[in-house]
Amino acid sequence: MNTTLDIIKSQYYHEIQARDQITTKIQSSVALYLSFFVAVAYMTRMIDLESNKIVLTLFFTGLFFWMIFILIATCYTANSITGFKYRVFPSLTEILNYKNSLDNEKKIIFEYNIDVPDDEKIPNIDPSEIIDNETIEYLSECADHNYNINETRRVGYTKSMGFLISSIIPFLFSSLLFIGFDLDASSPRKENPNQGTEIAKEIKAISPFIEKISRNNQASEVSK
């Protein structure tokens, strides 16, 4: 029995460790999602819409396919995180309380059997044996239940990573277009049209004053 209990305990703790490992992997993949979203947010915010229309179309097409892959991957990741409830072994306090109740029951049975005929006696119980048997049964149920959950999460994580890796292709395609064709509106190689417009407005605003000063200077020269 001890050998059986040891095997089941080993499997139970293995599934608990697997739960933590899967959770760590999923949390690591979330960092990749954030990196992607930050990069895409920057490119879409700084895109120069005055660039070549064909290049812009290809750029947004790549982002469209990236969005499809990343949304599917996100769904699988979310499904691998939420909606699962693992079964764990009761606390030591609960086990001790259960053992005390069995000891009391054993005592009651013993006292009852003292004053009754043999054919009316109640079989004695062994609290330790009962706890061992119930522990084996409960741990087996927990290990099987947790194994099924872990397998479901593993499949979801594997699929999410597959779509996440696939999303790298359209992401790189759009990124290369963004860099290669200099689609960044803040690029120093591009003239800032807004800045040019503001300068023109300022020059236009002070032109009357310049003309007035020039006329005054000319009048002064004539008077001399």
# chains A, B, ... in the order shown; residues from 1 in each chain; ligands from 1

$ select_by_dssp --residues "range 61-140 of chain A" --states "alpha helix (DSSP H)" --output "PyMOL selection string"
chain A and resi 61-81+92-114+127-140

$ write_last_selection --atoms "C-alpha atoms" --output "mmCIF file, in the first residue's frame"
data_model
loop_
_atom_site.group_PDB
_atom_site.id
_atom_site.type_symbol
_atom_site.label_atom_id
_atom_site.label_comp_id
_atom_site.auth_asym_id
_atom_site.auth_seq_id
_atom_site.Cartn_x
_atom_site.Cartn_y
_atom_site.Cartn_z
ATOM 1 C CA THR A 61 -2.024 44.374 -45.535
ATOM 2 C CA GLY A 62 0.843 42.876 -43.543
ATOM 3 C CA LEU A 63 -0.537 44.366 -40.341
ATOM 4 C CA PHE A 64 -3.988 42.997 -41.191
ATOM 5 C CA PHE A 65 -2.700 39.423 -41.423
ATOM 6 C CA TRP A 66 -0.580 39.993 -38.313
ATOM 7 C CA MET A 67 -3.718 41.084 -36.465
ATOM 8 C CA ILE A 68 -5.571 37.920 -37.503
ATOM 9 C CA PHE A 69 -2.780 35.651 -36.261
ATOM 10 C CA ILE A 70 -2.271 37.600 -33.047
ATOM 11 C CA LEU A 71 -5.988 37.620 -32.187
ATOM 12 C CA ILE A 72 -6.219 33.838 -32.606
ATOM 13 C CA ALA A 73 -3.069 33.393 -30.510
ATOM 14 C CA THR A 74 -4.498 35.712 -27.845
ATOM 15 C CA CYS A 75 -7.716 33.692 -27.669
ATOM 16 C CA TYR A 76 -5.808 30.442 -27.153
ATOM 17 C CA THR A 77 -3.628 32.092 -24.507
ATOM 18 C CA ALA A 78 -6.647 33.490 -22.667
ATOM 19 C CA ASN A 79 -8.337 30.082 -22.757
ATOM 20 C CA SER A 80 -5.192 28.528 -21.285
ATOM 21 C CA ILE A 81 -5.222 30.921 -18.332
ATOM 22 C CA LEU A 92 -3.268 19.160 7.485
ATOM 23 C CA THR A 93 -5.773 20.641 9.930
ATOM 24 C CA GLU A 94 -8.674 19.057 8.043
ATOM 25 C CA ILE A 95 -6.891 15.709 7.958
ATOM 26 C CA LEU A 96 -6.136 15.875 11.679
ATOM 27 C CA ASN A 97 -9.733 16.759 12.503
ATOM 28 C CA TYR A 98 -10.924 13.837 10.375
ATOM 29 C CA LYS A 99 -8.535 11.464 12.162
ATOM 30 C CA ASN A 100 -9.765 12.685 15.564
ATOM 31 C CA SER A 101 -13.352 12.013 14.531
ATOM 32 C CA LEU A 102 -12.384 8.487 13.450
ATOM 33 C CA ASP A 103 -10.603 7.919 16.773
ATOM 34 C CA ASN A 104 -13.734 9.024 18.636
ATOM 35 C CA GLU A 105 -15.836 6.724 16.498
ATOM 36 C CA LYS A 106 -13.471 3.838 17.219
ATOM 37 C CA LYS A 107 -13.756 4.524 20.939
ATOM 38 C CA ILE A 108 -17.560 4.618 20.775
ATOM 39 C CA ILE A 109 -17.622 1.301 18.902
ATOM 40 C CA PHE A 110 -15.261 -0.294 21.412
ATOM 41 C CA GLU A 111 -17.373 0.835 24.375
ATOM 42 C CA TYR A 112 -20.551 -0.325 22.661
ATOM 43 C CA ASN A 113 -19.158 -3.805 21.950
ATOM 44 C CA ILE A 114 -18.289 -4.379 25.607
ATOM 45 C CA PRO A 127 -8.456 5.086 11.515
ATOM 46 C CA SER A 128 -4.967 4.897 9.985
ATOM 47 C CA GLU A 129 -6.042 2.329 7.407
ATOM 48 C CA ILE A 130 -9.148 4.329 6.539
ATOM 49 C CA ILE A 131 -7.110 7.506 6.076
ATOM 50 C CA ASP A 132 -4.544 5.678 3.923
ATOM 51 C CA ASN A 133 -7.231 4.210 1.668
ATOM 52 C CA GLU A 134 -9.104 7.485 1.324
ATOM 53 C CA THR A 135 -5.843 9.330 0.702
ATOM 54 C CA ILE A 136 -5.014 6.998 -2.167
ATOM 55 C CA GLU A 137 -8.477 7.431 -3.641
ATOM 56 C CA TYR A 138 -8.563 11.214 -3.250
ATOM 57 C CA LEU A 139 -5.025 11.756 -4.529
ATOM 58 C CA SER A 140 -5.818 9.582 -7.554
#

$ residues_around --residues "range 10-26 of chain A" --least-positions-apart "6" --cutoff "10 Å" --atoms "only C-alpha atoms" --output "MDAnalysis selection string"
chainID A and resid 4 77:78 80:81 86:89 139:151 153:154 156:158 160:161

$ write_last_selection --atoms "C-alpha atoms" --output "PDB file, in the first residue's frame"
ATOM      1  CA  THR A   4       0.973   2.557  -4.259  1.00  0.00           C
ATOM      2  CA  THR A  77      -3.628  32.092 -24.507  1.00  0.00           C
ATOM      3  CA  ALA A  78      -6.647  33.490 -22.667  1.00  0.00           C
ATOM      4  CA  SER A  80      -5.192  28.528 -21.285  1.00  0.00           C
ATOM      5  CA  ILE A  81      -5.222  30.921 -18.332  1.00  0.00           C
ATOM      6  CA  TYR A  86      -7.336  22.509  -9.842  1.00  0.00           C
ATOM      7  CA  ARG A  87      -8.081  20.011  -7.114  1.00  0.00           C
ATOM      8  CA  VAL A  88      -5.672  20.031  -4.195  1.00  0.00           C
ATOM      9  CA  PHE A  89      -5.198  17.843  -1.160  1.00  0.00           C
ATOM     10  CA  LEU A 139      -5.025  11.756  -4.529  1.00  0.00           C
ATOM     11  CA  SER A 140      -5.818   9.582  -7.554  1.00  0.00           C
ATOM     12  CA  GLU A 141      -8.868  11.701  -8.363  1.00  0.00           C
ATOM     13  CA  CYS A 142      -6.888  14.928  -7.900  1.00  0.00           C
ATOM     14  CA  ALA A 143      -3.986  13.716 -10.045  1.00  0.00           C
ATOM     15  CA  ASP A 144      -6.290  12.616 -12.878  1.00  0.00           C
ATOM     16  CA  HIS A 145      -8.324  15.811 -12.724  1.00  0.00           C
ATOM     17  CA  ASN A 146      -5.216  18.014 -12.721  1.00  0.00           C
ATOM     18  CA  TYR A 147      -3.630  15.982 -15.517  1.00  0.00           C
ATOM     19  CA  ASN A 148      -6.629  16.616 -17.772  1.00  0.00           C
ATOM     20  CA  ILE A 149      -6.483  20.338 -17.022  1.00  0.00           C
ATOM     21  CA  ASN A 150      -2.744  20.482 -17.698  1.00  0.00           C
ATOM     22  CA  GLU A 151      -3.126  18.665 -21.004  1.00  0.00           C
ATOM     23  CA  ARG A 153      -3.657  24.051 -21.139  1.00  0.00           C
ATOM     24  CA  ARG A 154      -0.636  22.532 -22.891  1.00  0.00           C
ATOM     25  CA  GLY A 156      -3.884  25.721 -25.866  1.00  0.00           C
ATOM     26  CA  TYR A 157      -0.406  27.073 -25.149  1.00  0.00           C
ATOM     27  CA  THR A 158       1.119  25.121 -28.041  1.00  0.00           C
ATOM     28  CA  SER A 160      -1.126  29.983 -29.206  1.00  0.00           C
ATOM     29  CA  MET A 161       2.650  29.830 -29.721  1.00  0.00           C
TER      30      MET A 161
END
